[in-house]
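> Below you'll find protein.json; it's JSON, C-alpha atoms.
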```json
[["chain", "number", "residue", "atom", "x", "y", "z"],
["A", 1, "MET", "CA", -50.98, -16.96, 8.50],
["A", 2, "ARG", "CA", -48.03, -19.17, 7.58],
["A", 3, "MET", "CA", -46.57, -16.44, 5.31],
["A", 4, "LEU", "CA", -46.93, -13.85, 8.05],
["A", 5, "LEU", "CA", -45.13, -16.13, 10.50],
["A", 6, "THR", "CA", -42.33, -16.68, 7.93],
["A", 7, "PHE", "CA", -41.84, -12.93, 7.37],
["A", 8, "VAL", "CA", -41.80, -12.22, 11.09],
["A", 9, "THR", "CA", -39.24, -15.00, 11.69],
["A", 10, "LEU", "CA", -36.98, -13.80, 8.85],
["A", 11, "GLY", "CA", -37.23, -10.23, 10.10],
["A", 12, "PHE", "CA", -36.27, -11.32, 13.60],
["A", 13, "PHE", "CA", -33.20, -13.24, 12.38],
["A", 14, "SER", "CA", -32.16, -10.33, 10.16],
["A", 15, "LEU", "CA", -32.26, -7.97, 13.12],
["A", 16, "ALA", "CA", -30.31, -10.47, 15.21],
["A", 17, "LEU", "CA", -27.56, -10.67, 12.56],
["A", 18, "VAL", "CA", -27.38, -6.89, 12.20],
["A", 19, "ALA", "CA", -27.04, -6.54, 15.96],
["A", 20, "GLN", "CA", -23.98, -8.82, 15.90],
["A", 21, "GLU", "CA", -22.16, -6.77, 13.25],
["A", 22, "PRO", "CA", -19.81, -4.04, 14.52],
["A", 23, "LEU", "CA", -21.19, -0.56, 14.03],
["A", 24, "GLY", "CA", -19.46, 2.26, 12.21],
["A", 25, "ARG", "CA", -17.66, 2.56, 8.88],
["A", 26, "GLY", "CA", -14.19, 2.49, 10.40],
["A", 27, "TYR", "CA", -14.39, -1.07, 11.70],
["A", 28, "ASP", "CA", -11.32, -3.06, 10.73],
["A", 29, "PRO", "CA", -10.84, -6.58, 12.12],
["A", 30, "ASP", "CA", -7.09, -6.45, 11.45],
["A", 31, "GLY", "CA", -6.61, -3.56, 13.87],
["A", 32, "TYR", "CA", -5.32, -0.94, 11.43],
["A", 33, "GLU", "CA", -6.45, 2.62, 10.85],
["A", 34, "SER", "CA", -6.60, 4.14, 7.39],
["A", 35, "GLU", "CA", -4.30, 7.09, 6.71],
["A", 36, "ASN", "CA", -6.77, 8.79, 4.42],
["A", 37, "LYS", "CA", -10.11, 6.99, 4.92],
["A", 38, "ALA", "CA", -9.73, 5.31, 1.51],
["A", 39, "LYS", "CA", -11.34, 1.97, 0.74],
["A", 40, "SER", "CA", -8.11, 0.13, -0.07],
["A", 41, "VAL", "CA", -4.95, 1.04, 1.76],
["A", 42, "ARG", "CA", -1.95, -0.71, 3.14],
["A", 43, "PRO", "CA", -1.88, -0.78, 6.93],
["A", 44, "ALA", "CA", -0.78, 2.59, 8.28],
["A", 45, "LYS", "CA", -0.02, 1.64, 11.84],
["A", 46, "PRO", "CA", -1.61, -0.69, 14.36],
["A", 47, "ARG", "CA", -4.06, 0.79, 16.82],
["A", 48, "GLU", "CA", -2.68, 1.13, 20.31],
["A", 49, "ARG", "CA", -4.06, -1.76, 22.37],
["A", 50, "SER", "CA", -2.14, -1.08, 25.56],
["A", 51, "ALA", "CA", -0.93, 1.96, 27.46],
["A", 52, "ALA", "CA", 2.74, 1.03, 27.03],
["A", 53, "PRO", "CA", 4.37, 2.51, 23.90],
["A", 54, "PRO", "CA", 6.37, 0.17, 21.67],
["A", 55, "SER", "CA", 10.00, -0.30, 22.62],
["A", 56, "ARG", "CA", 12.58, 1.55, 20.53],
["A", 57, "SER", "CA", 15.56, 0.50, 22.58],
["A", 58, "GLY", "CA", 17.51, -0.73, 19.57],
["A", 59, "GLY", "CA", 18.32, -3.89, 21.46],
["A", 60, "ASP", "CA", 18.75, -7.40, 20.16],
["A", 61, "SER", "CA", 16.61, -8.10, 17.11],
["A", 62, "LYS", "CA", 15.79, -11.60, 18.33],
["A", 63, "ASP", "CA", 13.90, -10.01, 21.27],
["A", 64, "ASP", "CA", 11.62, -8.16, 18.86],
["A", 65, "PRO", "CA", 9.78, -10.52, 16.47],
["A", 66, "LYS", "CA", 8.75, -7.64, 14.17],
["A", 67, "SER", "CA", 12.26, -6.23, 13.73],
["A", 68, "GLY", "CA", 12.79, -8.06, 10.42],
["A", 69, "SER", "CA", 9.54, -6.94, 8.83],
["A", 70, "LYS", "CA", 10.89, -3.67, 7.42],
["A", 71, "SER", "CA", 14.48, -2.98, 6.61],
["A", 72, "ASP", "CA", 15.98, 0.39, 7.63],
["A", 73, "LYS", "CA", 18.19, 0.28, 4.55],
["A", 74, "VAL", "CA", 17.29, 2.51, 1.61],
["A", 75, "TYR", "CA", 17.83, 0.61, -1.63],
["A", 76, "ALA", "CA", 18.92, 2.32, -4.82],
["A", 77, "ALA", "CA", 16.39, 1.85, -7.60],
["A", 78, "THR", "CA", 19.24, 0.72, -9.82],
["A", 79, "ASP", "CA", 20.03, -2.22, -7.45],
["A", 80, "VAL", "CA", 17.68, -4.60, -9.27],
["A", 81, "ALA", "CA", 19.35, -7.77, -7.94],
["A", 82, "GLY", "CA", 19.16, -6.51, -4.36],
["A", 83, "LEU", "CA", 15.47, -5.64, -4.77],
["A", 84, "VAL", "CA", 14.69, -9.05, -6.30],
["A", 85, "ALA", "CA", 16.26, -10.61, -3.19],
["A", 86, "MET", "CA", 13.85, -8.57, -1.03],
["A", 87, "LYS", "CA", 10.74, -10.08, -2.67],
["A", 88, "GLY", "CA", 7.82, -10.06, -0.23],
["A", 89, "LYS", "CA", 9.50, -7.66, 2.19],
["A", 90, "GLU", "CA", 8.70, -4.03, 2.88],
["A", 91, "VAL", "CA", 11.55, -1.78, 1.76],
["A", 92, "THR", "CA", 12.39, 1.82, 1.00],
["A", 93, "VAL", "CA", 13.67, 2.55, -2.52],
["A", 94, "ARG", "CA", 15.16, 5.82, -3.77],
["A", 95, "GLY", "CA", 15.91, 6.74, -7.35],
["A", 96, "ARG", "CA", 15.31, 8.96, -10.35],
["A", 97, "VAL", "CA", 12.24, 8.29, -12.48],
["A", 98, "THR", "CA", 13.64, 7.94, -16.00],
["A", 99, "SER", "CA", 10.28, 7.51, -17.74],
["A", 100, "VAL", "CA", 6.57, 7.17, -17.00],
["A", 101, "TYR", "CA", 3.99, 5.16, -18.90],
["A", 102, "SER", "CA", 0.24, 4.81, -18.88],
["A", 103, "PRO", "CA", -1.58, 2.80, -21.59],
["A", 104, "SER", "CA", -4.41, 4.40, -23.54],
["A", 105, "SER", "CA", -6.87, 2.57, -21.27],
["A", 106, "GLU", "CA", -5.41, 4.59, -18.36],
["A", 107, "THR", "CA", -5.81, 1.65, -15.97],
["A", 108, "ILE", "CA", -2.27, 1.80, -14.59],
["A", 109, "PHE", "CA", 0.53, 4.33, -14.15],
["A", 110, "ILE", "CA", 4.09, 2.96, -14.30],
["A", 111, "MET", "CA", 7.25, 4.74, -13.17],
["A", 112, "ASN", "CA", 10.43, 3.24, -14.66],
["A", 113, "PHE", "CA", 13.71, 3.72, -12.80],
["A", 114, "GLY", "CA", 16.15, 2.62, -15.48],
["A", 115, "PRO", "CA", 16.89, 2.84, -19.21],
["A", 116, "ASP", "CA", 15.52, -0.63, -20.00],
["A", 117, "ARG", "CA", 11.84, -0.70, -19.05],
["A", 118, "LYS", "CA", 11.74, -4.51, -19.22],
["A", 119, "THR", "CA", 14.41, -5.15, -16.59],
["A", 120, "CYS", "CA", 14.46, -2.02, -14.39],
["A", 121, "PHE", "CA", 12.72, -1.45, -11.06],
["A", 122, "LYS", "CA", 9.20, -0.04, -11.38],
["A", 123, "ALA", "CA", 6.61, 1.60, -9.16],
["A", 124, "VAL", "CA", 2.97, 1.13, -10.21],
["A", 125, "ILE", "CA", -0.26, 2.88, -9.31],
["A", 126, "PHE", "CA", -3.61, 1.43, -10.38],
["A", 127, "LYS", "CA", -6.57, 3.46, -11.61],
["A", 128, "ARG", "CA", -8.58, 2.95, -8.40],
["A", 129, "ASN", "CA", -5.93, 5.03, -6.59],
["A", 130, "PHE", "CA", -5.45, 7.90, -9.07],
["A", 131, "ASP", "CA", -7.96, 10.15, -7.30],
["A", 132, "LYS", "CA", -5.85, 10.11, -4.13],
["A", 133, "TRP", "CA", -3.40, 12.50, -5.81],
["A", 134, "ASP", "CA", -4.16, 16.07, -6.84],
["A", 135, "GLY", "CA", -4.90, 16.15, -10.56],
["A", 136, "GLY", "CA", -5.38, 12.38, -10.85],
["A", 137, "LEU", "CA", -3.33, 10.66, -13.56],
["A", 138, "GLU", "CA", -2.17, 13.89, -15.21],
["A", 139, "GLY", "CA", -1.15, 15.26, -11.82],
["A", 140, "LEU", "CA", 0.89, 12.13, -11.13],
["A", 141, "LYS", "CA", 2.69, 12.44, -14.47],
["A", 142, "LYS", "CA", 3.70, 16.04, -13.71],
["A", 143, "LEU", "CA", 4.58, 15.23, -10.11],
["A", 144, "VAL", "CA", 7.14, 12.47, -10.74],
["A", 145, "SER", "CA", 8.47, 12.84, -14.31],
["A", 146, "ARG", "CA", 12.28, 13.06, -14.24],
["A", 147, "LYS", "CA", 12.26, 13.55, -10.45],
["A", 148, "THR", "CA", 14.11, 11.74, -7.66],
["A", 149, "VAL", "CA", 11.59, 9.95, -5.46],
["A", 150, "THR", "CA", 11.53, 7.69, -2.41],
["A", 151, "ILE", "CA", 9.03, 4.84, -2.35],
["A", 152, "GLU", "CA", 8.01, 2.56, 0.52],
["A", 153, "GLY", "CA", 6.20, -0.73, 0.02],
["A", 154, "VAL", "CA", 6.37, -4.47, -0.45],
["A", 155, "VAL", "CA", 8.54, -5.71, -3.31],
["A", 156, "THR", "CA", 6.82, -8.00, -5.81],
["A", 157, "ILE", "CA", 8.20, -9.49, -9.00],
["A", 158, "TYR", "CA", 6.39, -8.92, -12.30],
["A", 159, "GLU", "CA", 7.86, -10.37, -15.50],
["A", 160, "ASP", "CA", 11.21, -10.97, -13.75],
["A", 161, "ALA", "CA", 11.57, -7.33, -12.62],
["A", 162, "PRO", "CA", 11.01, -5.95, -9.11],
["A", 163, "GLN", "CA", 8.20, -3.49, -8.49],
["A", 164, "ILE", "CA", 6.30, -1.82, -5.68],
["A", 165, "GLN", "CA", 2.59, -1.11, -5.89],
["A", 166, "ILE", "CA", 1.71, 2.32, -4.51],
["A", 167, "ASN", "CA", -1.74, 2.57, -2.94],
["A", 168, "ILE", "CA", -1.56, 5.77, -0.90],
["A", 169, "PRO", "CA", 0.30, 9.09, -1.27],
["A", 170, "SER", "CA", 2.42, 8.56, 1.87],
["A", 171, "GLN", "CA", 4.23, 5.71, 0.07],
["A", 172, "LEU", "CA", 5.63, 8.20, -2.48],
["A", 173, "LYS", "CA", 7.85, 11.14, -1.58],
["A", 174, "VAL", "CA", 9.12, 13.47, -4.32],
["A", 175, "GLU", "CA", 12.49, 15.06, -3.56],
["A", 176, "ASN", "CA", 13.07, 17.49, -6.41]]
```
Turn the structure described in the file into structure tokens.


Amino acid sequence: MRMLLTFVTLGFFSLALVAQEPLGRGYDPDGYESENKAKSVRPAKPRERSAAPPSRSGGDSKDDPKSGSKSDKVYAATDVAGLVAMKGKEVTVRGRVTSVYSPSSETIFIMNFGPDRKTCFKAVIFKRNFDKWDGGLEGLKKLVSRKTVTIEGVVTIYEDAPQIQINIPSQLKVEN
């Protein structure tokens, strides 16, 4: 009898916890919608919470607290010092991919934007995101090799060189 009472009590509490959880696969407590329904993406755009659209008046930046979050400037991939100074900020970078590299383990895809791979700006894509591009890793290599591309993302520093991690296809635009 005691075991039956224990199982009934646990079952009741389990149902109570499940009832408190939000339903649906698209639930996101941060308020962002996925661009491509992938498991790991950078925020695409906040969900609209009010009827009023965001202001685009171009007024004083001190009136808009989010105005400094993304620069409108497009940085050249060769401007390594300028990109290092933008560490932690979302930027747009444009440049020619001089070489691509993927180790034999195929866990990462690296686009180098300069002659010296140790000091140049890089864009990286990890294995978990390869399937978001047509052809996977091989498709990426063909898509960007020796092409001019524009990349959007947050600048991080890895081994003293700036880089942007690409998680979704909309962060990478191939120009030619």

> Just give me the gap between CA of Arg146 (chain A) and CA of Val84 (chain A) in Å, one decimal is fine.

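Going from CA of Arg146 (chain A) over to CA of Val84 (chain A) covers 23.6 Å.
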
> Near Glu152 (chain A), within 7 Å and counting all atoms listed in the file, which residues show up once chain neighbours fewer than 3 positions away are dropped, as an MDAnalysis selection string?

chainID A and resid 91:93 171:172

> Between CA of Ser99 (chain A) and CA of Thr119 (chain A), what is the distance in Å, rounded to a tenth?

13.4 Å

> If I take CA of Leu137 (chain A) and CA of Glu106 (chain A), how far is one from the other in Å, to one decimal?

8.0 Å

> Considering all atoms listed in the file, can you say which of A:Trp133, A:Tyr101, A:Val74, A:Val174 comes closest to Arg117 (chain A)?

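Ranking A:Trp133, A:Tyr101, A:Val74, A:Val174 by distance to Arg117 (chain A), first place goes to A:Tyr101.
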
> Using all atoms listed in the file, give me every residue within 12 Å of (17.9, -11.1, -6.0) in file coordinates, as a list of chain:residue names.

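Looking at atoms near the point gives A:Asp79, A:Val80, A:Ala81, A:Gly82, A:Leu83, A:Val84, A:Ala85, A:Met86, A:Lys87, A:Gly88, A:Val155, A:Thr156, A:Ile157, A:Asp160, A:Ala161, A:Pro162.
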
> Considering only C-alpha atoms, can you say which of A:Gly153, A:Gly139, A:Phe113, A:Asn176 comes closest to Arg96 (chain A)?

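Closest to Arg96 (chain A) of all the choices is A:Phe113.
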
> Box for region 108-125 of chain A - axis-aligned, 5 Å on each of the six sides, all listed atoms - centre and size in Å to one decimal, as AutoDock Vina command-line options.


```
--center_x 7.3 --center_y -0.2 --center_z -14.6 --size_x 29.2 --size_y 19.9 --size_z 20.8
```

> I need the residue nearest Gly95 (chain A) from this list: A:Asp131, A:Tyr158, A:Thr107, A:Lys147. Use all atoms listed in the file for the distance.

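The shortest atom-to-atom distance to Gly95 (chain A) comes from A:Lys147.
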
> Let me make sure I understand: among A:Thr150, A:Ala123, A:Phe109, A:Gly135, which one has the smallest atom-to-atom distance to Ala76 (chain A) if we use all atoms listed in the file?

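Smallest separation from Ala76 (chain A) among the options: A:Thr150.
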
> Between A:Ile110, A:Val100, A:Leu143, A:Val149, which has the minimum distance to Gln163 (chain A) (counting only C-alpha atoms)?

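Smallest distance to Gln163 (chain A) is found for A:Ile110.
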
> Skipping near chain neighbours, those fewer than 3 positions away, what residues fall within 7 Å of Ile108 (chain A) using all atoms listed in the file, listed as a ChimeraX atom specification?

/A:102,124-127
